[in-house]
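Report on the structure given below.
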Amino acid sequence: MLYKNGVIHTMAGTVLQHGYFREKDGLIEEVGAMPPVPREGEESFDLAGAHVYPGLIDAHTHLGMWEDGLAFEGDDGNEETEPLTPQLRAIDAINPMDRCFSEALDAGVTTVVTGPGSANPIGGQLAAIKTAGFCIDDMIVKAPVAMKMALGENPKTVYHDKGQTPYTRMATAALIREQLFKARRYWQEMKRAEEDEECDPPEYDIKCEALLPVLKRELKVHFHAHRSDDIYTALRLGREFDLDFVVVHGTEAHLTADYLAQQGVSVLSGPSLCDRSKPELRNLTPKSTGILSRAGIPVAIITDHPVIPIQYLPVCAALVVREGMDREEALKAVTCSPAQICGISDRVGSLEAGKDADFIVYRDQDPLCFEAKPEMVFVRGRRVK
């Protein structure tokens, strides 16, 4: 299919005022300026001056993990029976039939990172998925895409109520450190057995197996952290075990933005369209994302769905623009930046040859205006809205 006569916002540094692109087998085959060289038997779609953007990306959600309108029956986000559960996989819990997937598409959100909540210091494996589909195995962009770890109030609150560790921030960090050390020793024993046939390999340990890609830097860690001291704990653990990590939420990250920029930290920022529902959110401000961006910190805007319903991702982006973030940077923060931060930019985040044909079409609206709604939404070249 040839899509022509559009304003193509590639999010790869180029806006083609009179542009076209070709889609074949769900991928973008070619992007360029008009007029394209016609191909024999090629179907075409005239965009008639409409604006085309990559599908939006929400880099931190729990979509499909807490089903809309259900209580315990649809609550599959936190395994609160033990604090260390790296072996859990989001794809075993996501329900693509949850109506919030359809609401995501209504808003032009075509890719999300979703997975366990923050009850456990190590919660399990996150997945990057499309929001269109019926079978999770066919919707995967990358799984696992990251390992979820959590610092601060949430693990404390959950396990204090149960009368077991972790009661304190010290214990939360110590549990993470202990499990990573066990996994590192497990890895060393595996390598020793491979090098010396007289050495037996270690007994299979599903938790350690799940953490091997983390220690090998093949899998990122997403650290849930709101307060500055929790962010620093994430930095400390990252240095100790040479982790490739990202800070999720970073509610107080703006208070030390210059330092975090020096440390090369990336932040999945938000949600900002919510109340200060617990003590560690006392410094919550929608100005934070813009402050981080101006400091040179790679940043993405997130909803933390269902904290903020997924369809309000563009509204969250509009809010931070109102509060001082550069509009183009905010647009990047829901397209190419989350793709780069989460390690899925080879598939999504911009309109370039070889990437998935996920795109949204607006007629005469700015996608970051409150009243804006995409006229058409395509996932892998198929119109879904």
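Naming works like this for the structure tokens: A, B, ... for the chains as they're shown, residue 1 at the start of each chain, ligands 1 onward in shown order.
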At a cut-off of 8 Å, can you tabulate as JSON lines every residue of segment 131-228 of chain A near segment 337-352 of chain A together with its closest atom pair and the distance in Å to one decimal, using only C-alpha atoms and ordering rows by chain then number?
```
{"residue": "A:Val141", "atom": "CA", "partner": "A:Arg347", "partner_atom": "CA", "distance": 7.5}
{"residue": "A:Lys142", "atom": "CA", "partner": "A:Ile344", "partner_atom": "CA", "distance": 7.2}
{"residue": "A:Val145", "atom": "CA", "partner": "A:Cys342", "partner_atom": "CA", "distance": 7.1}
{"residue": "A:Ala146", "atom": "CA", "partner": "A:Cys342", "partner_atom": "CA", "distance": 7.8}
{"residue": "A:Lys220", "atom": "CA", "partner": "A:Cys342", "partner_atom": "CA", "distance": 7.8}
```
Store the residues picked out above in a file with N, CA and C atoms, as a PDB file, in the first residue's frame.
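Listed below is the output, part39.pdb:
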```pdb
ATOM      1  N   VAL A 141       6.055  -7.182  21.115  1.00  0.00           N
ATOM      2  CA  VAL A 141       7.146  -6.459  20.462  1.00  0.00           C
ATOM      3  C   VAL A 141       8.476  -6.985  21.003  1.00  0.00           C
ATOM      4  N   LYS A 142       8.549  -7.102  22.329  1.00  0.00           N
ATOM      5  CA  LYS A 142       9.727  -7.691  22.974  1.00  0.00           C
ATOM      6  C   LYS A 142       9.330  -8.176  24.353  1.00  0.00           C
ATOM      7  N   VAL A 145      11.084  -7.325  28.154  1.00  0.00           N
ATOM      8  CA  VAL A 145      11.729  -6.078  27.746  1.00  0.00           C
ATOM      9  C   VAL A 145      12.503  -5.482  28.909  1.00  0.00           C
ATOM     10  N   ALA A 146      12.139  -5.865  30.143  1.00  0.00           N
ATOM     11  CA  ALA A 146      12.827  -5.361  31.336  1.00  0.00           C
ATOM     12  C   ALA A 146      12.427  -6.197  32.540  1.00  0.00           C
ATOM     13  N   LYS A 220      17.220  -4.871  30.623  1.00  0.00           N
ATOM     14  CA  LYS A 220      17.215  -3.684  31.471  1.00  0.00           C
ATOM     15  C   LYS A 220      16.463  -3.948  32.776  1.00  0.00           C
TER      16      LYS A 220
END
```
**Request:** Select from segment 333-375 of chain A everything DSSP, run on the backbone, classes as strand (DSSP E or B), then give the selection as an MDAnalysis selection string.
**Result:** chainID A and resid 356 359:362
Quick one: residues within 8 Å of segment 86-99 of chain A, only C-alpha atoms counted, chain neighbours fewer than 6 positions away excluded, as an mmCIF file with N, CA and C atoms, in the first residue's frame?
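Produced file result-v4.cif, reproduced below:
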```
data_model
loop_
_atom_site.group_PDB
_atom_site.id
_atom_site.type_symbol
_atom_site.label_atom_id
_atom_site.label_comp_id
_atom_site.auth_asym_id
_atom_site.auth_seq_id
_atom_site.Cartn_x
_atom_site.Cartn_y
_atom_site.Cartn_z
ATOM 1 N N LEU A 63 -1.359 -2.363 31.763
ATOM 2 C CA LEU A 63 -2.483 -2.661 30.881
ATOM 3 C C LEU A 63 -2.690 -4.162 30.775
ATOM 4 N N GLY A 64 -3.923 -4.598 30.998
ATOM 5 C CA GLY A 64 -4.249 -6.011 30.925
ATOM 6 C C GLY A 64 -3.905 -6.799 32.167
ATOM 7 N N MET A 65 -3.214 -6.176 33.117
ATOM 8 C CA MET A 65 -2.827 -6.853 34.360
ATOM 9 C C MET A 65 -3.864 -6.624 35.456
ATOM 10 N N GLU A 67 -7.654 -5.752 35.232
ATOM 11 C CA GLU A 67 -8.701 -5.588 34.233
ATOM 12 C C GLU A 67 -9.736 -4.566 34.675
ATOM 13 N N ASP A 68 -10.179 -3.785 33.714
ATOM 14 C CA ASP A 68 -11.101 -2.702 33.984
ATOM 15 C C ASP A 68 -12.440 -3.234 34.502
ATOM 16 N N ASP A 76 -4.151 -9.323 38.459
ATOM 17 C CA ASP A 76 -3.033 -10.256 38.282
ATOM 18 C C ASP A 76 -1.699 -9.531 38.238
ATOM 19 N N GLY A 77 -1.627 -8.358 38.896
ATOM 20 C CA GLY A 77 -0.437 -7.532 38.769
ATOM 21 C C GLY A 77 0.606 -7.697 39.852
ATOM 22 N N THR A 114 4.083 -3.156 29.679
ATOM 23 C CA THR A 114 3.172 -3.505 30.756
ATOM 24 C C THR A 114 3.739 -4.656 31.571
ATOM 25 N N GLY A 115 3.238 -4.802 32.801
ATOM 26 C CA GLY A 115 3.736 -5.893 33.619
ATOM 27 C C GLY A 115 3.410 -5.729 35.079
ATOM 28 N N PRO A 116 4.177 -6.398 35.951
ATOM 29 C CA PRO A 116 3.868 -6.432 37.376
ATOM 30 C C PRO A 116 3.895 -5.052 38.010
ATOM 31 N N ILE A 122 11.521 -7.295 43.817
ATOM 32 C CA ILE A 122 11.709 -7.778 42.442
ATOM 33 C C ILE A 122 10.378 -8.390 42.025
ATOM 34 N N GLY A 123 9.730 -7.763 41.062
ATOM 35 C CA GLY A 123 8.356 -8.129 40.736
ATOM 36 C C GLY A 123 8.176 -9.072 39.572
ATOM 37 N N GLY A 124 9.134 -9.087 38.628
ATOM 38 C CA GLY A 124 8.999 -9.965 37.476
ATOM 39 C C GLY A 124 9.290 -9.247 36.170
ATOM 40 N N GLN A 125 8.995 -9.945 35.086
ATOM 41 C CA GLN A 125 9.417 -9.509 33.759
ATOM 42 C C GLN A 125 8.326 -8.705 33.059
ATOM 43 N N LEU A 126 8.697 -7.511 32.589
ATOM 44 C CA LEU A 126 7.812 -6.652 31.815
ATOM 45 C C LEU A 126 7.845 -7.040 30.353
ATOM 46 N N ALA A 127 6.793 -6.674 29.629
ATOM 47 C CA ALA A 127 6.714 -6.963 28.201
ATOM 48 C C ALA A 127 6.320 -5.710 27.439
ATOM 49 N N THR A 131 -1.139 -2.848 21.186
ATOM 50 C CA THR A 131 -2.446 -2.746 21.821
ATOM 51 C C THR A 131 -3.555 -3.293 20.924
ATOM 52 N N GLY A 133 -4.946 -6.737 18.944
ATOM 53 C CA GLY A 133 -4.791 -8.179 18.849
ATOM 54 C C GLY A 133 -5.683 -8.898 19.841
ATOM 55 N N PHE A 134 -5.718 -10.215 19.724
ATOM 56 C CA PHE A 134 -6.555 -11.038 20.593
ATOM 57 C C PHE A 134 -5.743 -12.081 21.350
ATOM 58 N N CYS A 135 -4.567 -12.412 20.836
ATOM 59 C CA CYS A 135 -3.686 -13.393 21.475
ATOM 60 C C CYS A 135 -2.380 -12.701 21.832
ATOM 61 N N ILE A 136 -2.002 -12.736 23.084
ATOM 62 C CA ILE A 136 -0.826 -12.002 23.531
ATOM 63 C C ILE A 136 0.435 -12.437 22.785
ATOM 64 N N ASP A 137 0.523 -13.698 22.418
ATOM 65 C CA ASP A 137 1.723 -14.185 21.730
ATOM 66 C C ASP A 137 1.920 -13.509 20.379
ATOM 67 N N ALA A 143 9.611 -9.440 24.638
ATOM 68 C CA ALA A 143 9.300 -9.997 25.954
ATOM 69 C C ALA A 143 10.351 -11.050 26.316
ATOM 70 N N PRO A 144 11.014 -10.875 27.456
ATOM 71 C CA PRO A 144 10.871 -9.721 28.343
ATOM 72 C C PRO A 144 11.582 -8.497 27.770
ATOM 73 N N MET A 147 13.222 -6.086 33.599
ATOM 74 C CA MET A 147 12.908 -6.693 34.893
ATOM 75 C C MET A 147 12.422 -5.591 35.828
ATOM 76 N N LYS A 148 11.278 -5.804 36.453
ATOM 77 C CA LYS A 148 10.715 -4.792 37.349
ATOM 78 C C LYS A 148 11.287 -4.960 38.751
ATOM 79 N N ILE A 206 14.929 -21.229 39.171
ATOM 80 C CA ILE A 206 14.174 -20.410 38.214
ATOM 81 C C ILE A 206 14.359 -18.911 38.470
ATOM 82 N N LYS A 207 14.556 -18.520 39.731
ATOM 83 C CA LYS A 207 14.769 -17.102 40.028
ATOM 84 C C LYS A 207 16.116 -16.628 39.500
ATOM 85 N N GLU A 209 17.832 -18.035 37.103
ATOM 86 C CA GLU A 209 17.768 -18.089 35.637
ATOM 87 C C GLU A 209 17.149 -16.809 35.074
ATOM 88 N N ALA A 210 16.090 -16.336 35.725
ATOM 89 C CA ALA A 210 15.419 -15.137 35.243
ATOM 90 C C ALA A 210 16.299 -13.902 35.356
ATOM 91 N N LEU A 211 17.243 -13.907 36.302
ATOM 92 C CA LEU A 211 18.093 -12.742 36.509
ATOM 93 C C LEU A 211 19.400 -12.790 35.727
#
```
**Request:** Please report, as number ranges by chain, each residue of segment 70-192 of chain A to which DSSP assigns alpha helix (DSSP H) when run on this structure's backbone.
**Result:** A: 100-106, 136-139, 153-162, 169-192
**Message:** When you look at Lys130 of chain A with a cut-off of 6 Å (counting only C-alpha atoms), what residues show up, excluding the ones that are within fewer than 6 positions of it in the same chain? I need them as a ChimeraX atom specification.
**Reply:** /A:110-111,139
**Request:** Between atom CA of Gly296 of chain A and atom CA of Glu329 of chain A, measure the distance and give it in Å to one decimal.
**Result:**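 These atoms are spaced 10.9 Å apart.
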**Message:** Would you compute the distance between atom CA of Gly163 of chain A and atom CA of Pro279 of chain A? Give it in Å to one decimal.
**Reply:** 21.1 Å
